[in-house]
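One structure is given here, and the rest of the page talks about it.
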Amino acid sequence: MQEIKAEKEKSNSTKNKKKNLKDDFTKSKIINTIGIDIANSCTLNCTYCYISASKKPRKLLSKEKFLDILNFLTKEKDQPITFYFTGAGEPTLNFSLLKELPSLCKENGFDKCSFNLTTNGTILTKEMIEFFKSNKFTINISLDGDEKINDASRLYHNGKGSFKDVFNNMNLLKENNIEFSCKTTVLPDNKNLAEAFSFFEENKISFIFSIVTNSFDNHFSPNIEHLKNFEEQLYIIIKNYRKLIEDNHKIYATKLIDDLKRIHYGQVNKIGCIASRESFFMGIDGSIFPCSYHSSEDLSVGNIYTGIDYDKIVKNNWYAKPVDNYSTCKVCWMKYLCAGSCFAIKWLENKNTEEPSEYLCKTYNIYWSAIIKLYTQLYPVIISGNNINFNDKNSENQVHYI
């Protein structure tokens, strides 16, 4: 009887916790970041695409559907809100709608909007560039390095490499004084990874990098055994950056500098992301997902007509928790650096967001060990106050998390 009573109390406690979580989600929730699937097909056929966008039938978000999204967000319109276009396909395929968005937002009372666009850069035109500049779009270009490296994975449907077109369009952005950053996907088996980093530094192109992960349809899955190569390449990269920084060169690998500053200022990250809390991703049909990485059909958490199903979010743990809430992470030395990693990737790997991704854990262990080693080598340079990468007065407040 005591065992049955204990089980009931445990069950009731779990139910109450989930109810309290739902209340926390719904009562005080402010949605300030919205991803939109504005075009779910792509001009490229990248080997590692996590959603296989190139294989989808071409669909474009309609003006009417965007207005329905604004209607869904009506209660948020008096606060700053960022619309980002990435993840599901190539957004510039729907430029006819993109160029209407600023005016549509203003006409419907959304006066504090900003726009963030990630593009593969293959079909940028002068008209697009002028529009992005005049409307202050934040632009990110997907590029993996020089021609040899980029064109090993980022190909057109006919097998032709995309580098030359993208690089030419990046020069157009520069000529029009538009700031942009590149997003680089790191493949652990890339034996030329150090060359990729050198390419961006030599061309003075700001970039952020992220490790490749599983695709939703399992057409691509990185091999954990390739992390040995990643580690070898990373230590070449760290050696190169030590010299560049000691010689007082401006560094364009913004994530690397940010992470060195995180170590220096002792900044911790206890919750990985704001997905399912302050941020959601909207599909072309109005479906709602936690984020663009978590947007396969079975992971929908509602739609713009019936609302967000917070019960489903809480039941499936489709949100980032404080890292100390994950039993495996509690004793990990990296816990306040990786914050428990991406819950979407954990779901793809384990169908369970409570269990860490073995692949990401090993990747982060390699990465953060290298960053800490670099920090110890550069400590005298960092505290000197004379290095171009570390002499900004507001460094402690400027670090951002990627």
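To be explicit about the labels: the chains of the structure tokens are called A, B, and onward in the order shown, and within each one the residues are counted from 1, while ligands get numbers from 1 in the order they are shown.
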
List every residue of stretch 202-310 of chain A that has an atom at most 10 Å from any atom of stretch 33-53 of chain A, giving for each one its closest atom pair and the distance in Å to one decimal, counting only C-alpha atoms, sorted by chain and then by ascending residue number, as a Markdown table.
| residue | atom | partner | partner_atom | distance |
| --- | --- | --- | --- | --- |
| A:Val212 | CA | A:Tyr48 | CA | 7.4 |
| A:Thr213 | CA | A:Tyr50 | CA | 7.3 |
| A:Asn214 | CA | A:Tyr50 | CA | 6.3 |
| A:Ser215 | CA | A:Tyr50 | CA | 3.6 |
| A:Phe216 | CA | A:Ile51 | CA | 5.6 |
| A:Asp217 | CA | A:Ile51 | CA | 7.0 |
| A:Asn218 | CA | A:Tyr50 | CA | 8.4 |
| A:His219 | CA | A:Tyr48 | CA | 8.0 |
| A:Phe220 | CA | A:Tyr48 | CA | 5.7 |
| A:Ser221 | CA | A:Tyr48 | CA | 8.0 |
| A:Pro222 | CA | A:Tyr48 | CA | 8.7 |
| A:Ile274 | CA | A:Thr33 | CA | 8.9 |
| A:Ala275 | CA | A:Thr33 | CA | 8.9 |
| A:Arg277 | CA | A:Thr33 | CA | 9.6 |
| A:Glu278 | CA | A:Thr33 | CA | 6.3 |
| A:Ser279 | CA | A:Thr33 | CA | 4.6 |
| A:Phe280 | CA | A:Ile34 | CA | 5.3 |
| A:Phe281 | CA | A:Gly35 | CA | 4.3 |
| A:Met282 | CA | A:Ile36 | CA | 4.8 |
| A:Gly283 | CA | A:Asp37 | CA | 5.1 |
| A:Ile284 | CA | A:Asp37 | CA | 5.6 |
| A:Asp285 | CA | A:Asp37 | CA | 9.1 |
| A:Gly286 | CA | A:Asp37 | CA | 9.3 |
| A:Ser287 | CA | A:Asp37 | CA | 9.9 |
| A:Ile288 | CA | A:Ile36 | CA | 9.5 |
| A:Phe289 | CA | A:Gly35 | CA | 9.3 |
| A:Pro290 | CA | A:Gly35 | CA | 9.6 |
| A:Cys291 | CA | A:Gly35 | CA | 7.3 |
| A:Ser292 | CA | A:Gly35 | CA | 7.0 |
| A:Tyr293 | CA | A:Tyr50 | CA | 7.9 |
| A:His294 | CA | A:Ile51 | CA | 9.8 |
| A:Ser295 | CA | A:Ile51 | CA | 8.6 |
| A:Ser296 | CA | A:Ile51 | CA | 8.1 |

Original post:
What are the DSSP alpha helix (DSSP H) residues of stretch 40-76 of chain A, as a PyMOL selection string?
Top reply: chain A and resi 63-72

Convert the current residue selection to file output with C-alpha atoms, as a CSV table (one decimal), in the first residue's frame.
chain,number,residue,atom,x,y,z
A,63,LYS,CA,0.6,37.6,-48.8
A,64,GLU,CA,-2.7,36.5,-47.2
A,65,LYS,CA,-1.0,33.9,-45.1
A,66,PHE,CA,1.5,36.5,-43.8
A,67,LEU,CA,-1.4,38.7,-42.9
A,68,ASP,CA,-2.9,35.8,-41.0
A,69,ILE,CA,0.5,35.4,-39.1
A,70,LEU,CA,0.3,39.1,-38.2
A,71,ASN,CA,-3.2,38.6,-37.0
A,72,PHE,CA,-2.1,35.7,-34.8

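Excluding A:Ile178 and any residue on its chain fewer than 3 positions from it, the residues at most 7 Å away by only C-alpha atoms are Lys133, Leu173 and Lys174 of chain A.
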
**OP:** Please measure the separation of atom CA of A:His226 and atom CA of A:Pro188, giving the value in Å to one decimal.
**Re:** 5.4 Å

**OP:** Quick one: everything within 9 Å of A:Lys99, counting only C-alpha atoms, minus sequence neighbours fewer than 6 positions away in the same chain. Send it as a count of residues only.
**Re:** 3

Closest contacts (stretch 148-191 of chain A/stretch 196-208 of chain A, max 8 Å, only C-alpha atoms) as a tab-separated table:
residue	atom	partner	partner_atom	distance
A:Ile149	CA	A:Ala196	CA	6.9
A:Phe180	CA	A:Ser206	CA	7.5
A:Ser181	CA	A:Ser206	CA	5.0
A:Cys182	CA	A:Phe207	CA	4.4
A:Lys183	CA	A:Ile208	CA	5.2
A:Thr184	CA	A:Ile208	CA	6.1

Limited to N, CA and C atoms, could you put the picked residues into a file as a PDB file, in the first residue's frame?
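The file below, part14.pdb, is the result:
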ATOM      1  N   ILE A 149      36.369  23.956 -51.022  1.00  0.00           N
ATOM      2  CA  ILE A 149      35.666  23.484 -49.826  1.00  0.00           C
ATOM      3  C   ILE A 149      34.160  23.651 -49.978  1.00  0.00           C
ATOM      4  N   PHE A 180      27.313  42.249 -43.764  1.00  0.00           N
ATOM      5  CA  PHE A 180      26.751  40.898 -43.737  1.00  0.00           C
ATOM      6  C   PHE A 180      27.735  39.982 -43.026  1.00  0.00           C
ATOM      7  N   SER A 181      27.240  38.834 -42.658  1.00  0.00           N
ATOM      8  CA  SER A 181      28.086  37.824 -42.040  1.00  0.00           C
ATOM      9  C   SER A 181      27.843  36.507 -42.755  1.00  0.00           C
ATOM     10  N   CYS A 182      28.834  35.653 -42.788  1.00  0.00           N
ATOM     11  CA  CYS A 182      28.660  34.333 -43.391  1.00  0.00           C
ATOM     12  C   CYS A 182      28.371  33.298 -42.308  1.00  0.00           C
ATOM     13  N   LYS A 183      27.535  32.340 -42.653  1.00  0.00           N
ATOM     14  CA  LYS A 183      27.277  31.197 -41.786  1.00  0.00           C
ATOM     15  C   LYS A 183      27.946  29.983 -42.418  1.00  0.00           C
ATOM     16  N   THR A 184      28.826  29.376 -41.680  1.00  0.00           N
ATOM     17  CA  THR A 184      29.642  28.280 -42.193  1.00  0.00           C
ATOM     18  C   THR A 184      29.295  26.984 -41.481  1.00  0.00           C
TER      19      THR A 184
END

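Every residue of stretch 141-244 of chain A with a DSSP assignment of strand (DSSP E or B), taken from the backbone, is listed as Ile141, Ser142, Leu155, Tyr156, Gly161, Phe180, Ser181, Cys182, Lys183, Thr184, Thr185, Val186, Phe207, Ile208, Phe209, Ser210 and Ile211 of chain A.
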
Once you have the residues from the selection above, write them out as an mmCIF file, in the first residue's frame, restricted to C-alpha atoms.
data_model
loop_
_atom_site.group_PDB
_atom_site.id
_atom_site.type_symbol
_atom_site.label_atom_id
_atom_site.label_comp_id
_atom_site.auth_asym_id
_atom_site.auth_seq_id
_atom_site.Cartn_x
_atom_site.Cartn_y
_atom_site.Cartn_z
ATOM 1 C CA ILE A 141 25.146 34.332 -46.324
ATOM 2 C CA SER A 142 25.633 30.561 -46.201
ATOM 3 C CA LEU A 155 25.905 22.389 -55.239
ATOM 4 C CA TYR A 156 23.223 23.327 -57.731
ATOM 5 C CA GLY A 161 29.338 24.370 -57.582
ATOM 6 C CA PHE A 180 26.751 40.898 -43.737
ATOM 7 C CA SER A 181 28.086 37.824 -42.040
ATOM 8 C CA CYS A 182 28.660 34.333 -43.391
ATOM 9 C CA LYS A 183 27.277 31.197 -41.786
ATOM 10 C CA THR A 184 29.642 28.280 -42.193
ATOM 11 C CA THR A 185 28.729 24.640 -41.687
ATOM 12 C CA VAL A 186 31.575 22.555 -40.293
ATOM 13 C CA PHE A 207 31.617 34.531 -40.097
ATOM 14 C CA ILE A 208 30.089 32.239 -37.542
ATOM 15 C CA PHE A 209 30.430 28.482 -37.686
ATOM 16 C CA SER A 210 28.366 25.552 -36.477
ATOM 17 C CA ILE A 211 28.898 21.804 -36.608
#

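Residues within 10 Å of A:Val323, counting only C-alpha atoms and excluding same-chain residues fewer than 3 positions away, are A:Asn269, A:Lys270, A:Ile271, A:Gly272, A:Ala320, A:Tyr326, A:Ser327, A:Thr328, A:Cys329, A:Lys330, A:Cys332, A:Lys335, A:Tyr336, A:Leu337, A:Cys338, A:Ala339, A:Gly340, A:Ser341.
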
Would you save the residues from that selection as a tab-separated table (two decimals), in the first residue's frame, using C-alpha atoms?
chain	number	residue	atom	x	y	z
A	269	ASN	CA	24.68	30.15	-20.23
A	270	LYS	CA	22.17	28.13	-18.21
A	271	ILE	CA	19.36	27.81	-20.78
A	272	GLY	CA	20.23	26.91	-24.34
A	320	ALA	CA	15.12	24.17	-23.33
A	326	TYR	CA	19.23	17.52	-16.94
A	327	SER	CA	20.60	14.72	-14.75
A	328	THR	CA	23.42	13.80	-17.14
A	329	CYS	CA	24.51	17.42	-17.52
A	330	LYS	CA	24.60	18.25	-13.80
A	332	CYS	CA	29.54	17.95	-16.67
A	335	LYS	CA	27.34	22.59	-18.61
A	336	TYR	CA	27.40	26.40	-18.43
A	337	LEU	CA	29.15	26.63	-21.78
A	338	CYS	CA	26.86	24.45	-23.90
A	339	ALA	CA	23.74	24.81	-21.67
A	340	GLY	CA	22.70	21.24	-22.37
A	341	SER	CA	22.96	21.70	-26.17

Original post:
atom CA of A:Ile257 to atom CA of A:Asn389: how many Å, to one decimal?
Top reply: 7.3 Å

Original post:
Mind pulling up the distance from atom CA of A:Phe85 to atom CA of A:Asn116?
Top reply: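 Distance reported for this atom pair: 6.3 Å.
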